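For reference, input.txt (compact mmCIF, N, CA and C atoms):
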# COMPACT_ATOMS: atom_id res chain seq x y z
N MET Z 811 -28.46 -7.88 15.41
CA MET Z 811 -28.19 -8.19 16.79
C MET Z 811 -26.71 -8.47 16.96
N SER Z 812 -26.12 -7.96 17.99
CA SER Z 812 -24.69 -8.10 18.23
C SER Z 812 -24.35 -9.47 18.79
N ASN Z 813 -23.23 -9.99 18.36
CA ASN Z 813 -22.77 -11.27 18.91
C ASN Z 813 -21.72 -11.04 19.99
N GLY Z 814 -21.60 -9.83 20.47
CA GLY Z 814 -20.68 -9.51 21.55
C GLY Z 814 -19.28 -9.17 21.09
N MET Z 815 -19.02 -9.18 19.81
CA MET Z 815 -17.68 -8.86 19.30
C MET Z 815 -17.55 -7.37 19.11
N ARG Z 816 -16.36 -6.86 19.40
CA ARG Z 816 -16.08 -5.44 19.16
C ARG Z 816 -14.89 -5.34 18.22
N VAL Z 817 -14.89 -4.31 17.44
CA VAL Z 817 -13.79 -4.05 16.53
C VAL Z 817 -13.07 -2.79 17.00
N ASP Z 818 -11.77 -2.90 17.14
CA ASP Z 818 -10.95 -1.77 17.57
C ASP Z 818 -10.62 -0.93 16.33
N LEU Z 819 -11.38 0.13 16.12
CA LEU Z 819 -11.18 0.98 14.94
C LEU Z 819 -9.81 1.64 14.94
N SER Z 820 -9.29 1.96 16.12
CA SER Z 820 -7.96 2.58 16.17
C SER Z 820 -6.89 1.60 15.69
N ALA Z 821 -7.08 0.31 15.94
CA ALA Z 821 -6.13 -0.69 15.44
C ALA Z 821 -6.21 -0.77 13.92
N LEU Z 822 -7.41 -0.71 13.37
CA LEU Z 822 -7.57 -0.69 11.91
C LEU Z 822 -6.93 0.57 11.32
N ASP Z 823 -7.11 1.70 12.00
CA ASP Z 823 -6.48 2.94 11.54
C ASP Z 823 -4.96 2.78 11.49
N GLU Z 824 -4.40 2.15 12.51
CA GLU Z 824 -2.95 1.95 12.55
C GLU Z 824 -2.48 1.03 11.42
N VAL Z 825 -3.24 -0.01 11.14
CA VAL Z 825 -2.91 -0.90 10.02
C VAL Z 825 -2.91 -0.11 8.72
N ILE Z 826 -3.91 0.71 8.54
CA ILE Z 826 -4.02 1.51 7.31
C ILE Z 826 -2.84 2.47 7.19
N ARG Z 827 -2.47 3.13 8.29
CA ARG Z 827 -1.31 4.04 8.26
C ARG Z 827 -0.03 3.29 7.90
N LYS Z 828 0.14 2.10 8.46
CA LYS Z 828 1.34 1.30 8.15
C LYS Z 828 1.34 0.86 6.69
N LEU Z 829 0.18 0.51 6.17
CA LEU Z 829 0.10 0.13 4.76
C LEU Z 829 0.43 1.32 3.85
N TRP Z 830 -0.04 2.50 4.22
CA TRP Z 830 0.28 3.69 3.43
C TRP Z 830 1.79 3.97 3.44
N ARG Z 831 2.42 3.82 4.62
CA ARG Z 831 3.87 4.01 4.70
C ARG Z 831 4.59 2.98 3.84
N LEU Z 832 4.09 1.74 3.87
CA LEU Z 832 4.68 0.68 3.06
C LEU Z 832 4.52 1.00 1.57
N LEU Z 833 3.36 1.52 1.20
CA LEU Z 833 3.15 1.91 -0.21
C LEU Z 833 4.13 3.01 -0.61
N ASP Z 834 4.36 3.96 0.29
CA ASP Z 834 5.31 5.02 0.01
C ASP Z 834 6.71 4.44 -0.19
N ASP Z 835 7.09 3.50 0.66
CA ASP Z 835 8.39 2.83 0.52
C ASP Z 835 8.47 2.05 -0.79
N MET Z 836 7.36 1.41 -1.16
CA MET Z 836 7.34 0.65 -2.42
C MET Z 836 7.47 1.60 -3.62
N ASP Z 837 6.86 2.78 -3.52
CA ASP Z 837 7.02 3.77 -4.59
C ASP Z 837 8.50 4.16 -4.74
N LYS Z 838 9.17 4.38 -3.61
CA LYS Z 838 10.60 4.73 -3.65
C LYS Z 838 11.42 3.58 -4.23
N ALA Z 839 11.10 2.35 -3.82
CA ALA Z 839 11.83 1.19 -4.34
C ALA Z 839 11.60 1.04 -5.84
N GLY Z 840 10.36 1.30 -6.27
CA GLY Z 840 10.06 1.23 -7.70
C GLY Z 840 10.84 2.25 -8.50
N THR Z 841 10.91 3.46 -7.97
CA THR Z 841 11.67 4.51 -8.65
C THR Z 841 13.15 4.15 -8.70
N THR Z 842 13.67 3.66 -7.58
CA THR Z 842 15.07 3.27 -7.53
C THR Z 842 15.36 2.15 -8.52
N SER Z 843 14.51 1.13 -8.52
CA SER Z 843 14.77 -0.01 -9.41
C SER Z 843 14.68 0.40 -10.88
N LYS Z 844 13.85 1.37 -11.16
CA LYS Z 844 13.67 1.77 -12.56
C LYS Z 844 14.78 2.71 -13.04
N TYR Z 845 15.16 3.67 -12.19
CA TYR Z 845 16.06 4.72 -12.66
C TYR Z 845 17.48 4.65 -12.09
N ASP Z 846 17.66 4.00 -10.96
CA ASP Z 846 18.97 4.03 -10.33
C ASP Z 846 19.73 2.70 -10.40
N THR Z 847 19.25 1.76 -11.19
CA THR Z 847 19.94 0.48 -11.30
C THR Z 847 20.38 0.19 -12.73
N THR Z 848 20.35 1.18 -13.58
CA THR Z 848 20.79 1.00 -14.95
C THR Z 848 22.31 1.03 -14.99
N ILE Z 849 22.88 -0.01 -15.58
CA ILE Z 849 24.33 -0.09 -15.72
C ILE Z 849 24.64 -0.09 -17.21
N PRO Z 850 25.47 0.85 -17.65
CA PRO Z 850 25.78 0.89 -19.08
C PRO Z 850 26.57 -0.34 -19.51
N GLU Z 851 26.41 -0.71 -20.76
CA GLU Z 851 27.06 -1.92 -21.28
C GLU Z 851 28.58 -1.88 -21.12
N HIS Z 852 29.17 -0.71 -21.33
CA HIS Z 852 30.63 -0.61 -21.26
C HIS Z 852 31.17 -0.86 -19.85
N ALA Z 853 30.32 -0.77 -18.84
CA ALA Z 853 30.77 -1.03 -17.46
C ALA Z 853 31.14 -2.50 -17.26
N PHE Z 854 30.61 -3.38 -18.10
CA PHE Z 854 30.90 -4.81 -17.98
C PHE Z 854 32.16 -5.21 -18.75
N GLY Z 855 32.72 -4.31 -19.48
CA GLY Z 855 33.93 -4.60 -20.26
C GLY Z 855 33.82 -4.04 -21.65
N GLN Z 856 34.93 -4.01 -22.30
CA GLN Z 856 34.99 -3.43 -23.64
C GLN Z 856 34.28 -4.34 -24.64
N THR Z 857 33.43 -3.75 -25.47
CA THR Z 857 32.69 -4.54 -26.46
C THR Z 857 33.17 -4.28 -27.88
N SER Z 858 34.14 -3.37 -28.03
CA SER Z 858 34.72 -3.12 -29.35
C SER Z 858 36.15 -2.62 -29.16
N GLY Z 859 36.87 -2.56 -30.24
CA GLY Z 859 38.27 -2.10 -30.18
C GLY Z 859 39.22 -3.28 -30.24
N GLU Z 860 40.48 -3.02 -29.85
CA GLU Z 860 41.50 -4.07 -29.92
C GLU Z 860 41.24 -5.18 -28.91
N VAL Z 861 40.90 -4.79 -27.68
CA VAL Z 861 40.63 -5.78 -26.63
C VAL Z 861 39.12 -5.84 -26.43
N VAL Z 862 38.55 -7.01 -26.63
CA VAL Z 862 37.11 -7.16 -26.51
C VAL Z 862 36.82 -8.20 -25.42
N PHE Z 863 35.94 -7.82 -24.52
CA PHE Z 863 35.47 -8.75 -23.49
C PHE Z 863 34.16 -9.33 -24.01
N HIS Z 864 34.23 -10.53 -24.53
CA HIS Z 864 33.08 -11.13 -25.22
C HIS Z 864 31.86 -11.33 -24.33
N GLU Z 865 32.07 -11.51 -23.05
CA GLU Z 865 30.96 -11.76 -22.14
C GLU Z 865 30.24 -10.47 -21.72
N ALA Z 866 30.79 -9.32 -22.08
CA ALA Z 866 30.20 -8.04 -21.67
C ALA Z 866 28.75 -7.91 -22.13
N LYS Z 867 28.47 -8.26 -23.37
CA LYS Z 867 27.10 -8.16 -23.87
C LYS Z 867 26.16 -9.10 -23.12
N ASN Z 868 26.63 -10.31 -22.84
CA ASN Z 868 25.81 -11.27 -22.09
C ASN Z 868 25.55 -10.80 -20.67
N LEU Z 869 26.58 -10.25 -20.02
CA LEU Z 869 26.42 -9.74 -18.66
C LEU Z 869 25.44 -8.57 -18.63
N HIS Z 870 25.57 -7.68 -19.60
CA HIS Z 870 24.67 -6.53 -19.67
C HIS Z 870 23.24 -6.99 -19.92
N ALA Z 871 23.06 -7.96 -20.80
CA ALA Z 871 21.72 -8.48 -21.09
C ALA Z 871 21.12 -9.14 -19.84
N ALA Z 872 21.93 -9.90 -19.10
CA ALA Z 872 21.45 -10.55 -17.88
C ALA Z 872 21.07 -9.50 -16.83
N GLN Z 873 21.88 -8.45 -16.70
CA GLN Z 873 21.57 -7.39 -15.74
C GLN Z 873 20.27 -6.69 -16.13
N THR Z 874 20.09 -6.40 -17.40
CA THR Z 874 18.87 -5.75 -17.88
C THR Z 874 17.64 -6.62 -17.63
N GLU Z 875 17.78 -7.91 -17.87
CA GLU Z 875 16.67 -8.85 -17.64
C GLU Z 875 16.31 -8.89 -16.15
N MET Z 876 17.32 -8.95 -15.29
CA MET Z 876 17.06 -8.99 -13.85
C MET Z 876 16.43 -7.68 -13.37
N LYS Z 877 16.90 -6.56 -13.92
CA LYS Z 877 16.34 -5.25 -13.57
C LYS Z 877 14.84 -5.22 -13.91
N THR Z 878 14.49 -5.73 -15.08
CA THR Z 878 13.10 -5.76 -15.51
C THR Z 878 12.26 -6.66 -14.60
N LYS Z 879 12.81 -7.80 -14.20
CA LYS Z 879 12.09 -8.70 -13.29
C LYS Z 879 11.86 -8.03 -11.93
N ILE Z 880 12.88 -7.36 -11.42
CA ILE Z 880 12.75 -6.68 -10.12
C ILE Z 880 11.68 -5.59 -10.21
N GLU Z 881 11.68 -4.83 -11.30
CA GLU Z 881 10.66 -3.80 -11.48
C GLU Z 881 9.27 -4.42 -11.47
N GLY Z 882 9.11 -5.57 -12.12
CA GLY Z 882 7.82 -6.26 -12.16
C GLY Z 882 7.40 -6.76 -10.79
N ILE Z 883 8.35 -7.29 -10.03
CA ILE Z 883 8.05 -7.78 -8.69
C ILE Z 883 7.58 -6.62 -7.81
N ILE Z 884 8.29 -5.51 -7.86
CA ILE Z 884 7.92 -4.35 -7.05
C ILE Z 884 6.54 -3.82 -7.46
N LYS Z 885 6.28 -3.79 -8.76
CA LYS Z 885 4.98 -3.33 -9.24
C LYS Z 885 3.86 -4.26 -8.75
N THR Z 886 4.09 -5.56 -8.79
CA THR Z 886 3.10 -6.53 -8.32
C THR Z 886 2.86 -6.37 -6.82
N LEU Z 887 3.94 -6.25 -6.04
CA LEU Z 887 3.81 -6.05 -4.60
C LEU Z 887 3.06 -4.76 -4.29
N HIS Z 888 3.38 -3.71 -5.02
CA HIS Z 888 2.70 -2.42 -4.82
C HIS Z 888 1.20 -2.59 -5.05
N GLY Z 889 0.83 -3.27 -6.11
CA GLY Z 889 -0.58 -3.50 -6.41
C GLY Z 889 -1.27 -4.30 -5.31
N LEU Z 890 -0.59 -5.32 -4.81
CA LEU Z 890 -1.15 -6.15 -3.74
C LEU Z 890 -1.35 -5.33 -2.47
N ILE Z 891 -0.35 -4.55 -2.10
CA ILE Z 891 -0.44 -3.73 -0.89
C ILE Z 891 -1.51 -2.65 -1.05
N ASP Z 892 -1.58 -2.04 -2.23
CA ASP Z 892 -2.61 -1.03 -2.49
C ASP Z 892 -4.00 -1.64 -2.39
N ASP Z 893 -4.19 -2.82 -2.96
CA ASP Z 893 -5.48 -3.50 -2.89
C ASP Z 893 -5.85 -3.81 -1.44
N PHE Z 894 -4.91 -4.35 -0.67
CA PHE Z 894 -5.17 -4.67 0.73
C PHE Z 894 -5.48 -3.41 1.53
N SER Z 895 -4.76 -2.33 1.25
CA SER Z 895 -4.98 -1.06 1.94
C SER Z 895 -6.38 -0.52 1.64
N THR Z 896 -6.77 -0.58 0.39
CA THR Z 896 -8.09 -0.09 -0.01
C THR Z 896 -9.20 -0.91 0.66
N LYS Z 897 -9.04 -2.22 0.65
CA LYS Z 897 -10.05 -3.09 1.26
C LYS Z 897 -10.10 -2.88 2.78
N THR Z 898 -8.95 -2.71 3.40
CA THR Z 898 -8.91 -2.46 4.84
C THR Z 898 -9.61 -1.16 5.18
N SER Z 899 -9.39 -0.14 4.36
CA SER Z 899 -10.06 1.16 4.58
C SER Z 899 -11.57 1.03 4.46
N LYS Z 900 -12.02 0.25 3.47
CA LYS Z 900 -13.46 0.05 3.29
C LYS Z 900 -14.07 -0.69 4.48
N VAL Z 901 -13.36 -1.70 4.97
CA VAL Z 901 -13.85 -2.45 6.14
C VAL Z 901 -13.93 -1.52 7.34
N ARG Z 902 -12.91 -0.71 7.54
CA ARG Z 902 -12.88 0.22 8.67
C ARG Z 902 -14.06 1.19 8.57
N ASP Z 903 -14.31 1.70 7.37
CA ASP Z 903 -15.44 2.63 7.17
C ASP Z 903 -16.77 1.95 7.46
N ARG Z 904 -16.92 0.70 7.05
CA ARG Z 904 -18.17 -0.02 7.31
C ARG Z 904 -18.38 -0.22 8.81
N TYR Z 905 -17.33 -0.62 9.52
CA TYR Z 905 -17.45 -0.78 10.97
C TYR Z 905 -17.78 0.55 11.64
N ASN Z 906 -17.14 1.61 11.17
CA ASN Z 906 -17.40 2.94 11.74
C ASN Z 906 -18.86 3.34 11.49
N ASP Z 907 -19.35 3.13 10.27
CA ASP Z 907 -20.74 3.44 9.95
C ASP Z 907 -21.69 2.62 10.81
N GLU Z 908 -21.39 1.35 10.98
CA GLU Z 908 -22.24 0.47 11.79
C GLU Z 908 -22.25 0.95 13.24
N GLU Z 909 -21.10 1.36 13.75
CA GLU Z 909 -21.02 1.86 15.12
C GLU Z 909 -21.90 3.10 15.29
N HIS Z 910 -21.87 3.99 14.30
CA HIS Z 910 -22.71 5.19 14.37
C HIS Z 910 -24.20 4.83 14.30
N GLU Z 911 -24.53 3.85 13.47
CA GLU Z 911 -25.93 3.42 13.37
C GLU Z 911 -26.40 2.83 14.69
N ILE Z 912 -25.56 2.05 15.34
CA ILE Z 912 -25.92 1.46 16.63
C ILE Z 912 -26.12 2.55 17.67
N LYS Z 913 -25.22 3.52 17.71
CA LYS Z 913 -25.35 4.62 18.67
C LYS Z 913 -26.64 5.39 18.41
N ARG Z 914 -26.95 5.61 17.16
CA ARG Z 914 -28.17 6.32 16.81
C ARG Z 914 -29.40 5.51 17.21
N GLY Z 915 -29.33 4.19 17.02
CA GLY Z 915 -30.44 3.31 17.38
C GLY Z 915 -30.65 3.25 18.87
N VAL Z 916 -29.58 3.25 19.63
CA VAL Z 916 -29.69 3.21 21.09
C VAL Z 916 -30.30 4.50 21.60
N GLY Z 917 -29.97 5.61 20.95
CA GLY Z 917 -30.54 6.90 21.35
C GLY Z 917 -31.94 7.09 20.83
N GLY Z 918 -32.48 6.10 20.13
CA GLY Z 918 -33.85 6.20 19.63
C GLY Z 918 -34.00 7.19 18.50
N GLY Z 919 -32.89 7.57 17.89
CA GLY Z 919 -32.95 8.52 16.79
C GLY Z 919 -33.17 9.93 17.25
N SER Z 920 -33.20 10.15 18.57
CA SER Z 920 -33.47 11.49 19.09
C SER Z 920 -32.20 12.29 19.28
N GLY Z 921 -31.07 11.65 19.05
CA GLY Z 921 -29.83 12.39 19.25
C GLY Z 921 -29.31 12.27 20.66
N GLY Z 922 -29.89 11.42 21.47
CA GLY Z 922 -29.35 11.24 22.81
C GLY Z 922 -30.40 11.29 23.89
N SER Z 923 -29.94 11.46 25.08
CA SER Z 923 -30.81 11.46 26.25
C SER Z 923 -31.67 12.72 26.31
N THR Z 924 -32.85 12.55 26.88
CA THR Z 924 -33.73 13.70 27.06
C THR Z 924 -33.77 14.10 28.52
N LYS Z 925 -32.87 13.52 29.31
CA LYS Z 925 -32.82 13.81 30.76
C LYS Z 925 -32.56 15.30 30.97
N GLY Z 926 -33.34 15.90 31.82
CA GLY Z 926 -33.16 17.30 32.16
C GLY Z 926 -33.82 18.25 31.19
N LYS Z 927 -34.49 17.72 30.15
CA LYS Z 927 -35.15 18.59 29.17
C LYS Z 927 -36.65 18.60 29.45
N LEU Z 928 -37.26 19.71 29.26
CA LEU Z 928 -38.70 19.83 29.45
C LEU Z 928 -39.41 19.41 28.19
N ALA Z 929 -40.57 18.78 28.37
CA ALA Z 929 -41.37 18.36 27.24
C ALA Z 929 -42.03 19.59 26.64
N GLN Z 930 -42.08 19.62 25.32
CA GLN Z 930 -42.74 20.74 24.65
C GLN Z 930 -44.15 20.34 24.28
N THR Z 931 -45.05 21.27 24.35
CA THR Z 931 -46.42 21.03 23.91
C THR Z 931 -46.72 21.98 22.77
N ASN Z 932 -47.48 21.48 21.86
CA ASN Z 932 -47.85 22.31 20.71
C ASN Z 932 -49.26 22.72 20.77

Rewrite the structure from the file as structure tokens, please.
Amino acid sequence: MSNGMRVDLSALDEVIRKLWRLLDDMDKAGTTSKYDTTIPEHAFGQTSGEVVFHEAKNLHAAQTEMKTKIEGIIKTLHGLIDDFSTKTSKVRDRYNDEEHEIKRGVGGGSGGSTKGKLAQTN
């Protein structure tokens, strides 16, 4: 029995589309963080030769550690958004199925109105 509440399936569809776009953006961010943020050790200063910048190794290690953390954060966010997107899609499908069942029930399972149709006799 209905409690008078209606669900706007088009609004759920829009949420799902936005989540998919967000997932696509997260995929791009993940790729960028993994492949486009690598800084070679020598970029922080010379680590050998006559002039040595002793902090270069520490700076490179700190950058590598931060890069790894950022990759992990993006991966975690991606998983969270994917999970929410999947659950939202399932909820939308359930509401859609319920709506079809209600329509079928209102039509008495006959597929709709019989107005204007002649009764058949066997």

List as a PyMOL selection string the protein and nucleic acid residues near stretch 829-842 of chain Z, meaning an atom at most 7 Å away when only N, CA and C atoms are counted, but skip any in the same chain fewer than 6 places from it. chain Z and resi 881+884-885+888+891-892+895

I need the residues in stretch 817-891 of chain Z that are helix (DSSP H, G or I) according to DSSP; give them as a PyMOL selection string. chain Z and resi 819-845+851-854+866-891

Selection near Z:Thr848, 8 Å with all atoms listed in the file, sequence-local residues under 4 positions removed, as number ranges by chain: Z: 842-844, 873-874, 877

Length of the atom CA of Z:Arg827 to atom CA of Z:Ile880 vector [Å]: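 Distance between the two atoms: 25.5 Å.
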
Atom C of Z:Thr896 and atom CA of Z:Asp818 are how many Å apart? 17.0 Å

Using Å and a single decimal, report how far atom CA of Z:Arg816 sits from atom CA of Z:Tyr905.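 Separation between atom CA of Z:Tyr905 and atom CA of Z:Arg816: 9.5 Å.
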
Neighbour list for Z:Glu851 as a PyMOL selection string, cut-off 10 Å, only C-alpha atoms, skip fewer than 3 positions in-chain: chain Z and resi 848+854-857+866-871+873-874
